[in-house]
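Chemist: Provided below: final-v3.pdb, containing PDB, C-alpha atoms (C1' of nucleotides).
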```pdb
ATOM      1  CA  MET A   1       0.000   0.000   0.000
ATOM      2  CA  ASP A   2       3.091   2.173   0.127
ATOM      3  CA  LEU A   3       1.871   4.822  -2.305
ATOM      4  CA  LYS A   4       3.468   3.540  -5.483
ATOM      5  CA  SER A   5       4.447   6.071  -8.071
ATOM      6  CA  GLU A   6       1.611   4.675 -10.180
ATOM      7  CA  ASP A   7      -0.804   5.898  -7.563
ATOM      8  CA  GLU A   8       0.663   9.368  -7.745
ATOM      9  CA  GLU A   9       0.589   9.363 -11.523
ATOM     10  CA  LEU A  10      -2.937   8.043 -11.752
ATOM     11  CA  ALA A  11      -4.137  10.507  -9.141
ATOM     12  CA  ARG A  12      -2.480  13.356 -11.003
ATOM     13  CA  LEU A  13      -4.056  12.470 -14.339
ATOM     14  CA  ALA A  14      -7.412  11.693 -12.766
ATOM     15  CA  LYS A  15      -7.459  14.995 -10.955
ATOM     16  CA  ALA A  16      -7.066  16.843 -14.221
ATOM     17  CA  VAL A  17     -10.165  15.252 -15.738
ATOM     18  CA  ALA A  18     -12.054  15.274 -12.451
ATOM     19  CA  HIS A  19     -14.183  18.169 -13.594
ATOM     20  CA  PRO A  20     -17.002  17.809 -16.124
ATOM     21  CA  ALA A  21     -15.868  20.774 -18.176
ATOM     22  CA  ARG A  22     -12.342  19.399 -18.442
ATOM     23  CA  ALA A  23     -13.567  15.937 -19.336
ATOM     24  CA  ALA A  24     -15.712  17.562 -22.006
ATOM     25  CA  ILE A  25     -12.781  19.536 -23.373
ATOM     26  CA  VAL A  26     -10.589  16.445 -23.605
ATOM     27  CA  ARG A  27     -13.391  14.527 -25.300
ATOM     28  CA  PHE A  28     -13.969  17.327 -27.759
ATOM     29  CA  LEU A  29     -10.315  17.689 -28.651
ATOM     30  CA  LEU A  30      -9.846  13.925 -29.004
ATOM     31  CA  SER A  31     -12.790  13.859 -31.374
ATOM     32  CA  GLY A  32     -10.889  16.210 -33.649
ATOM     33  CA  GLY A  33     -12.939  19.239 -32.787
ATOM     34  CA  GLU A  34     -11.568  22.586 -33.810
ATOM     35  CA  CYS A  35      -8.769  23.348 -31.458
ATOM     36  CA  VAL A  36      -8.915  27.130 -31.360
ATOM     37  CA  CYS A  37      -9.343  28.268 -27.792
ATOM     38  CA  GLY A  38     -12.211  30.566 -28.701
ATOM     39  CA  GLY A  39     -14.065  27.663 -30.253
ATOM     40  CA  ILE A  40     -13.893  25.865 -26.966
ATOM     41  CA  VAL A  41     -14.992  28.892 -24.972
ATOM     42  CA  ASP A  42     -18.027  29.254 -27.249
ATOM     43  CA  ARG A  43     -19.101  25.698 -26.544
ATOM     44  CA  ILE A  44     -18.817  25.787 -22.777
ATOM     45  CA  PRO A  45     -21.135  27.718 -20.495
ATOM     46  CA  LEU A  46     -18.267  29.270 -18.591
ATOM     47  CA  ALA A  47     -16.448  32.556 -18.754
ATOM     48  CA  GLN A  48     -13.369  32.848 -20.944
ATOM     49  CA  ALA A  49     -11.104  33.242 -17.945
ATOM     50  CA  THR A  50     -12.455  30.076 -16.411
ATOM     51  CA  VAL A  51     -12.055  28.047 -19.580
ATOM     52  CA  SER A  52      -8.521  29.330 -19.920
ATOM     53  CA  GLN A  53      -7.833  28.157 -16.387
ATOM     54  CA  HIS A  54      -9.197  24.702 -17.167
ATOM     55  CA  LEU A  55      -7.071  24.530 -20.301
ATOM     56  CA  LYS A  56      -4.060  25.377 -18.190
ATOM     57  CA  VAL A  57      -4.804  22.531 -15.797
ATOM     58  CA  LEU A  58      -5.153  20.093 -18.679
ATOM     59  CA  LYS A  59      -1.978  21.355 -20.299
ATOM     60  CA  GLU A  60       0.048  21.099 -17.114
ATOM     61  CA  ALA A  61      -1.132  17.544 -16.578
ATOM     62  CA  GLY A  62      -0.166  16.649 -20.137
ATOM     63  CA  TRP A  63      -3.656  15.945 -21.427
ATOM     64  CA  ILE A  64      -3.454  18.611 -24.095
ATOM     65  CA  LYS A  65      -0.972  20.886 -25.741
ATOM     66  CA  GLY A  66      -1.493  24.315 -27.189
ATOM     67  CA  GLU A  67       0.523  25.962 -29.872
ATOM     68  CA  VAL A  68       0.411  29.634 -30.611
ATOM     69  CA  ASP A  69      -0.785  30.519 -34.078
ATOM     70  CA  GLY A  70      -0.709  34.247 -34.522
ATOM     71  CA  PRO A  71      -3.100  35.912 -32.129
ATOM     72  CA  ARG A  72      -4.838  32.663 -31.284
ATOM     73  CA  VAL A  73      -3.864  29.399 -29.683
ATOM     74  CA  CYS A  74      -4.578  26.020 -31.176
ATOM     75  CA  TYR A  75      -5.205  23.315 -28.609
ATOM     76  CA  CYS A  76      -5.108  19.639 -29.306
ATOM     77  CA  ALA A  77      -5.248  16.485 -27.246
ATOM     78  CA  ARG A  78      -2.358  14.148 -26.533
ATOM     79  CA  PRO A  79      -3.757  10.674 -27.189
ATOM     80  CA  GLU A  80      -0.729   9.065 -25.501
ATOM     81  CA  THR A  81      -1.921  10.545 -22.245
ATOM     82  CA  LEU A  82      -5.301   8.894 -22.566
ATOM     83  CA  GLN A  83      -3.564   5.621 -23.326
ATOM     84  CA  ARG A  84      -1.391   6.014 -20.291
ATOM     85  CA  PHE A  85      -4.384   6.916 -18.188
ATOM     86  CA  VAL A  86      -6.291   3.818 -19.267
ATOM     87  CA  GLU A  87      -3.187   1.726 -18.666
ATOM     88  CA  LEU A  88      -2.827   3.100 -15.148
ATOM     89  CA  ALA A  89      -6.493   2.592 -14.400
ATOM     90  CA  ARG A  90      -6.416  -0.994 -15.605
ATOM     91  CA  GLY A  91      -3.255  -1.441 -13.590
ATOM     92  CA  LEU A  92      -5.283  -0.923 -10.428
ATOM     93  CA  GLU A  93      -6.453  -4.472 -10.876
ATOM     94  CA  PRO A  94      -3.828  -7.203 -10.769
ATOM     95  CA  THR A  95      -2.890  -8.671 -14.140
ATOM     96  CA  MET A  96      -3.847 -12.178 -13.056
ATOM     97  CA  LYS A  97      -7.450 -11.252 -12.558
ATOM     98  CA  ARG A  98      -7.601  -9.020 -15.582
ATOM     99  CA  SER A  99      -6.495 -11.623 -18.086
ATOM    100  CA  ARG A 100      -9.256 -13.941 -16.947
ATOM    101  CA  SER A 101     -12.030 -11.648 -18.201
TER     102      SER A 101
ATOM    103  CA  MET B   1     -19.317  19.893 -26.060
ATOM    104  CA  ASP B   2     -22.560  20.145 -24.152
ATOM    105  CA  LEU B   3     -21.350  18.389 -21.005
ATOM    106  CA  LYS B   4     -22.588  14.875 -21.717
ATOM    107  CA  SER B   5     -23.593  12.742 -18.780
ATOM    108  CA  GLU B   6     -20.508  10.659 -19.509
ATOM    109  CA  ASP B   7     -18.406  13.678 -18.674
ATOM    110  CA  GLU B   8     -20.163  14.051 -15.359
ATOM    111  CA  GLU B   9     -19.814  10.377 -14.587
ATOM    112  CA  LEU B  10     -16.169  10.185 -15.574
ATOM    113  CA  ALA B  11     -15.382  13.324 -13.633
ATOM    114  CA  ARG B  12     -17.151  11.945 -10.574
ATOM    115  CA  LEU B  13     -15.264   8.640 -10.641
ATOM    116  CA  ALA B  14     -11.974  10.317 -11.493
ATOM    117  CA  LYS B  15     -12.355  12.744  -8.633
ATOM    118  CA  ALA B  16     -12.670   9.879  -6.171
ATOM    119  CA  VAL B  17      -9.332   8.374  -7.200
ATOM    120  CA  ALA B  18      -7.698  11.743  -7.717
ATOM    121  CA  HIS B  19      -5.752  11.393  -4.509
ATOM    122  CA  PRO B  20      -2.736   9.099  -4.128
ATOM    123  CA  ALA B  21      -3.992   7.573  -0.905
ATOM    124  CA  ARG B  22      -7.345   6.751  -2.436
ATOM    125  CA  ALA B  23      -5.760   5.282  -5.548
ATOM    126  CA  ALA B  24      -3.572   3.181  -3.263
ATOM    127  CA  ILE B  25      -6.567   1.989  -1.276
ATOM    128  CA  VAL B  26      -8.451   0.960  -4.392
ATOM    129  CA  ARG B  27      -5.384  -0.819  -5.740
ATOM    130  CA  PHE B  28      -4.868  -2.626  -2.452
ATOM    131  CA  LEU B  29      -8.472  -3.742  -2.184
ATOM    132  CA  LEU B  30      -8.580  -4.873  -5.817
ATOM    133  CA  SER B  31      -5.478  -6.946  -5.188
ATOM    134  CA  GLY B  32      -7.410  -8.868  -2.568
ATOM    135  CA  GLY B  33      -5.685  -7.253   0.361
ATOM    136  CA  GLU B  34      -7.269  -7.698   3.724
ATOM    137  CA  CYS B  35     -10.273  -5.495   3.772
ATOM    138  CA  VAL B  36     -10.481  -4.650   7.453
ATOM    139  CA  CYS B  37     -10.396  -0.906   7.911
ATOM    140  CA  GLY B  38      -7.687  -1.089  10.535
ATOM    141  CA  GLY B  39      -5.489  -3.019   8.139
ATOM    142  CA  ILE B  40      -5.731  -0.159   5.707
ATOM    143  CA  VAL B  41      -5.039   2.461   8.332
ATOM    144  CA  ASP B  42      -1.886   0.573   9.348
ATOM    145  CA  ARG B  43      -0.576   0.669   5.806
ATOM    146  CA  ILE B  44      -1.136   4.342   5.114
ATOM    147  CA  PRO B  45       0.856   7.158   6.691
ATOM    148  CA  LEU B  46      -2.266   9.069   7.635
ATOM    149  CA  ALA B  47      -4.343   9.396  10.752
ATOM    150  CA  GLN B  48      -7.243   7.026  11.272
ATOM    151  CA  ALA B  49      -9.770   9.820  10.898
ATOM    152  CA  THR B  50      -8.275  10.828   7.583
ATOM    153  CA  VAL B  51      -8.276   7.297   6.215
ATOM    154  CA  SER B  52     -11.877   6.897   7.283
ATOM    155  CA  GLN B  53     -12.725  10.049   5.392
ATOM    156  CA  HIS B  54     -11.007   8.738   2.252
ATOM    157  CA  LEU B  55     -12.876   5.464   2.581
ATOM    158  CA  LYS B  56     -16.097   7.412   2.761
ATOM    159  CA  VAL B  57     -15.292   9.269  -0.448
ATOM    160  CA  LEU B  58     -14.526   6.004  -2.218
ATOM    161  CA  LYS B  59     -17.680   4.392  -0.897
ATOM    162  CA  GLU B  60     -19.896   7.277  -1.932
ATOM    163  CA  ALA B  61     -18.449   7.207  -5.416
ATOM    164  CA  GLY B  62     -19.076   3.473  -5.664
ATOM    165  CA  TRP B  63     -15.460   2.386  -5.836
ATOM    166  CA  ILE B  64     -15.691   0.284  -2.706
ATOM    167  CA  LYS B  65     -18.231  -1.086  -0.317
ATOM    168  CA  GLY B  66     -17.919  -1.802   3.353
ATOM    169  CA  GLU B  67     -19.862  -4.257   5.385
ATOM    170  CA  VAL B  68     -20.014  -4.253   9.120
ATOM    171  CA  ASP B  69     -18.604  -7.352  10.747
ATOM    172  CA  GLY B  70     -18.943  -7.155  14.467
ATOM    173  CA  PRO B  71     -16.934  -4.267  15.806
ATOM    174  CA  ARG B  72     -15.010  -3.863  12.570
ATOM    175  CA  VAL B  73     -15.820  -3.008   8.991
ATOM    176  CA  CYS B  74     -14.703  -5.076   6.060
ATOM    177  CA  TYR B  75     -14.038  -3.048   2.947
ATOM    178  CA  CYS B  76     -13.750  -4.463  -0.519
ATOM    179  CA  ALA B  77     -13.488  -3.048  -4.008
ATOM    180  CA  ARG B  78     -16.223  -3.075  -6.632
ATOM    181  CA  PRO B  79     -14.495  -4.285  -9.796
ATOM    182  CA  GLU B  80     -17.475  -3.212 -11.921
ATOM    183  CA  THR B  81     -16.643   0.359 -11.055
ATOM    184  CA  LEU B  82     -13.129   0.000 -12.362
ATOM    185  CA  GLN B  83     -14.496  -1.530 -15.523
ATOM    186  CA  ARG B  84     -16.942   1.326 -15.922
ATOM    187  CA  PHE B  85     -14.178   3.812 -15.251
ATOM    188  CA  VAL B  86     -11.942   2.317 -17.921
ATOM    189  CA  GLU B  87     -14.877   2.216 -20.305
ATOM    190  CA  LEU B  88     -15.617   5.890 -19.704
ATOM    191  CA  ALA B  89     -11.967   6.836 -20.098
ATOM    192  CA  ARG B  90     -11.657   4.955 -23.354
ATOM    193  CA  GLY B  91     -14.906   6.560 -24.436
ATOM    194  CA  LEU B  92     -13.159   9.924 -24.431
ATOM    195  CA  GLU B  93     -11.649   8.870 -27.719
ATOM    196  CA  PRO B  94     -14.033   8.212 -30.599
ATOM    197  CA  THR B  95     -14.606   4.529 -31.397
ATOM    198  CA  MET B  96     -13.390   4.963 -34.968
ATOM    199  CA  LYS B  97      -9.933   5.919 -33.899
ATOM    200  CA  ARG B  98      -9.814   3.428 -31.062
ATOM    201  CA  SER B  99     -10.490   0.363 -33.172
ATOM    202  CA  ARG B 100      -7.561   1.256 -35.379
ATOM    203  CA  SER B 101      -5.005   0.654 -32.627
TER     204      SER B 101
ATOM    205  C1'  DG C   1     -22.368  -2.849  33.812
ATOM    206  C1'  DA C   2     -17.373  -1.303  33.140
ATOM    207  C1'  DC C   3     -13.730  -1.735  29.757
ATOM    208  C1'  DT C   4     -11.412  -2.307  25.264
ATOM    209  C1'  DT C   5     -11.319  -2.269  20.485
ATOM    210  C1'  DT C   6     -12.757  -0.546  16.181
ATOM    211  C1'  DT C   7     -14.592   2.808  13.176
ATOM    212  C1'  DA C   8     -17.366   6.973  12.210
ATOM    213  C1'  DT C   9     -18.232  11.652  12.976
ATOM    214  C1'  DC C  10     -17.471  16.443  14.784
ATOM    215  C1'  DG C  11     -15.027  20.552  14.966
ATOM    216  C1'  DT C  12     -11.550  23.034  13.015
ATOM    217  C1'  DA C  13      -7.482  24.878  10.578
ATOM    218  C1'  DT C  14      -5.332  25.230   6.271
ATOM    219  C1'  DA C  15      -4.925  24.652   1.455
ATOM    220  C1'  DT C  16      -6.766  24.086  -2.984
ATOM    221  C1'  DT C  17     -10.350  24.620  -6.460
ATOM    222  C1'  DT C  18     -13.652  27.012  -9.005
ATOM    223  C1'  DA C  19     -15.507  30.931 -11.036
ATOM    224  C1'  DC C  20     -15.606  35.613 -12.572
ATOM    225  C1'  DG C  21     -14.531  40.486 -13.930
ATOM    226  C1'  DA C  22     -10.738  43.300 -14.969
ATOM    227  C1'  DT C  23      -6.622  43.872 -17.036
ATOM    228  C1'  DC C  24      -2.483  42.843 -19.600
ATOM    229  C1'  DA C  25       0.283  41.064 -23.615
ATOM    230  C1'  DA C  26       0.680  39.549 -28.325
ATOM    231  C1'  DC C  27      -0.628  39.907 -32.808
ATOM    232  C1'  DG C  28      -2.820  41.339 -37.225
ATOM    233  C1'  DA C  29      -5.073  44.918 -39.614
ATOM    234  C1'  DT C  30      -5.898  49.684 -40.773
TER     235       DT C  30
ATOM    236  C1'  DA D   1       0.997  54.213 -34.174
ATOM    237  C1'  DT D   2      -3.787  52.925 -33.027
ATOM    238  C1'  DC D   3      -7.292  49.626 -32.887
ATOM    239  C1'  DG D   4      -9.763  45.272 -32.386
ATOM    240  C1'  DT D   5      -9.242  40.454 -31.389
ATOM    241  C1'  DT D   6      -7.558  36.698 -28.818
ATOM    242  C1'  DG D   7      -6.022  34.486 -24.884
ATOM    243  C1'  DA D   8      -3.387  34.539 -20.428
ATOM    244  C1'  DT D   9      -2.987  36.343 -15.947
ATOM    245  C1'  DC D  10      -4.335  38.952 -11.661
ATOM    246  C1'  DG D  11      -7.136  39.671  -7.805
ATOM    247  C1'  DT D  12     -10.658  37.895  -5.244
ATOM    248  C1'  DA D  13     -14.760  35.563  -3.298
ATOM    249  C1'  DA D  14     -16.933  31.343  -2.282
ATOM    250  C1'  DA D  15     -16.867  26.573  -2.078
ATOM    251  C1'  DT D  16     -14.608  22.240  -1.445
ATOM    252  C1'  DA D  17     -10.820  19.204  -0.013
ATOM    253  C1'  DT D  18      -7.408  17.604   3.199
ATOM    254  C1'  DA D  19      -5.729  16.474   7.593
ATOM    255  C1'  DC D  20      -5.938  15.834  12.465
ATOM    256  C1'  DG D  21      -7.309  15.436  17.471
ATOM    257  C1'  DA D  22     -11.185  14.669  20.177
ATOM    258  C1'  DT D  23     -15.188  12.370  20.825
ATOM    259  C1'  DA D  24     -19.122   9.350  19.960
ATOM    260  C1'  DA D  25     -21.154   4.902  18.689
ATOM    261  C1'  DA D  26     -21.193  -0.093  18.250
ATOM    262  C1'  DA D  27     -19.786  -4.449  19.584
ATOM    263  C1'  DG D  28     -17.355  -7.891  21.949
ATOM    264  C1'  DT D  29     -14.992  -9.190  26.662
ATOM    265  C1'  DC D  30     -14.413  -9.379  31.552
TER     266       DC D  30
END
```
Starting from the file, give its structure as structure tokens.

Modeler:
Amino acid sequence: MDLKSEDEELARLAKAVAHPARAAIVRFLLSGGECVCGGIVDRIPLAQATVSQHLKVLKEAGWIKGEVDGPRVCYCARPETLQRFVELARGLEPTMKRSRS
Amino acid sequence: MDLKSEDEELARLAKAVAHPARAAIVRFLLSGGECVCGGIVDRIPLAQATVSQHLKVLKEAGWIKGEVDGPRVCYCARPETLQRFVELARGLEPTMKRSRS
DNA sequence: GACTTTTATCGTATATTTACGATCAACGAT
DNA sequence: ATCGTTGATCGTAAATATACGATAAAAGTC
């Protein structure tokens, strides 16, 4: 139970998507939705400052990346992070048991 | 982006494991570790009251259940919840893309 | 019934999160 | 150079999370 690094990593990634708006943003970006920040703001019932804050959280956790394109910023998801997240989640259950299903 | 119920559900489950101690508890219980509350408290560097609070969070989110057994409480994990969690996480990525991998 | 063990809950302090308006910085266009 | 647009950051208020000691509640033991 000694707080494996996997627990820290899983907790860190989980925390970042532990808000409906952030889960929605990740889903949207993974679906190939337009990645301009403004496009995201328009689709979420939250103020621009708040959305920007959520994007920051997701970026810092590695769920998304944003590259500057002139006056705007293009955000896109990092699918590897989702893969890693799923891997860590499945890793909560011992491999023995998992392979049986 | 209209905040699907899947986003709410994923966020809710993610939030519950978004703390290293809680991730560790779920991992331990899924591994078949002894489920007595005291056994968990002994293995985590946190006060009994704090562990109890974490157990409550996990129970309310459906990650674990605890049944009273005399003076003690036996906690165990709900594997269905992990399955659902993984399903929701994978669901962040469109099925089209996922089947390709 | 008094006592011990086990776990939950209360009260509380501190830290973090969430949300927003206001403002700043970067950039393109005029 | 000024202006409008875009997005980040600041300041701040309110809510929630985290942690702990103290205490209560439940159950078995003497």

Chemist: Taking all atoms listed in the file into account, which residues of chain B are within 12 Å of chain D, as number ranges by chain?

Modeler: B: 15-16, 18-19, 21, 45-54, 57, 68-73

Chemist: Assuming the chain letters and numbering stay as they are in my file, what does the PyMOL selection byres ((chain C) within 9 of (chain B)) actually select? List them as a PyMOL selection string.

Modeler: chain C and resi 5-9

Chemist: Which residues, named as in the file, does the PyMOL selection byres ((chain B) within 10 of (chain A)) pick out? Answer as a PyMOL selection string.

Modeler: chain B and resi 1-33+40+42-45+77+79+82-83+85-97

Chemist: Emit as AutoDock Vina command-line options the padded axis-aligned box for all listed atoms of region 11-20 of chain D, 4 Å per side, with centre and edge lengths in Å to one decimal.

Modeler:
```
--center_x -11.3 --center_y 27.8 --center_z 2.3 --size_x 19.2 --size_y 31.8 --size_z 28.3
```

Chemist: C1' of DA26 (chain C) and CA of Gly66 (chain A), how far apart in Å?

Modeler: 15.4 Å
